[in-house]
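The structure appears below as structure tokens.
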Amino acid sequence: MAYILLNKPKKKISIPKIEAGRIYNSPIYKGLRLRKLAENPLCERCEAKDITRAAIETHHRIPFMLGTSHNARLKLAFDFYNLESLCIECHHLEHFNN
């Protein structure tokens, strides 16, 4: 017997996730990310260990969501020198093994 759930509760998305999503999807961040990868095409952490591996992701050294105001978060998010070029493995280690 099939039935349809009416008034299904919507999944709430937190304000920080919405703000982070807007930053990551902004043309400014996308351009900054491409510039960083163009200037640093190798994984910076692998290079420090004399390993050559292509970087395909960028990582904020200081997470921009630690900013105490919207403007402080934008400043951290769009700071070229707060980004590092990483390979998938190093980026995964940073987020899931700490």
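By convention in this document, the chains of the structure tokens carry letters A, B, ... by their order, each chain's residues are numbered from 1, and ligands are numbered from 1 in the order they are shown.
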
Please provide the set of residues having any atom within 8 Å of A:Pro41, restricted to only C-alpha atoms, with same-chain residues fewer than 2 positions apart removed, written as a VMD selection string. chain A and resid 36 to 39 43 54 to 56 85

Can you list, as number ranges by chain, every residue of chain A that DSSP puts in alpha helix (DSSP H)? A: 15-24, 27-39, 44-48, 70-77, 88-96

Extract the full set of strand (DSSP E) residues from stretch 6-97 of chain A according to DSSP on the backbone, and format it as a ChimeraX atom specification. /A:57-60,83-86

Atom CA of A:Gly31 to atom CA of A:Phe64: how many Å, to one decimal? 17.0 Å

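Using only C-alpha atoms, the protein and nucleic acid residues lying no more than 10 Å from A:His91, apart from those fewer than 4 places from it along its own chain, are Cys43, Arg45, Ala55, Ile56, Glu57, Thr58, His59, Glu84, Ser85, Leu86, Cys87, His95, Phe96 and Asn97 of chain A.
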
Hey, which of A:Ile88, A:Arg53, A:His70, A:Ala77 ends up closest to A:Tyr24? Count only C-alpha atoms.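 Closest to A:Tyr24 of all the choices is A:Ala77.
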
In Å, how far is it from atom CA of A:Asp50 to atom CA of A:Tyr29?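 Distance reported for this atom pair: 29.1 Å.
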
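With only C-alpha atoms as the atoms that count, the minimum distance from A:Ser69 to the choices A:Arg35, A:Glu47, A:Asn40, A:Glu19 is reached by A:Glu19.
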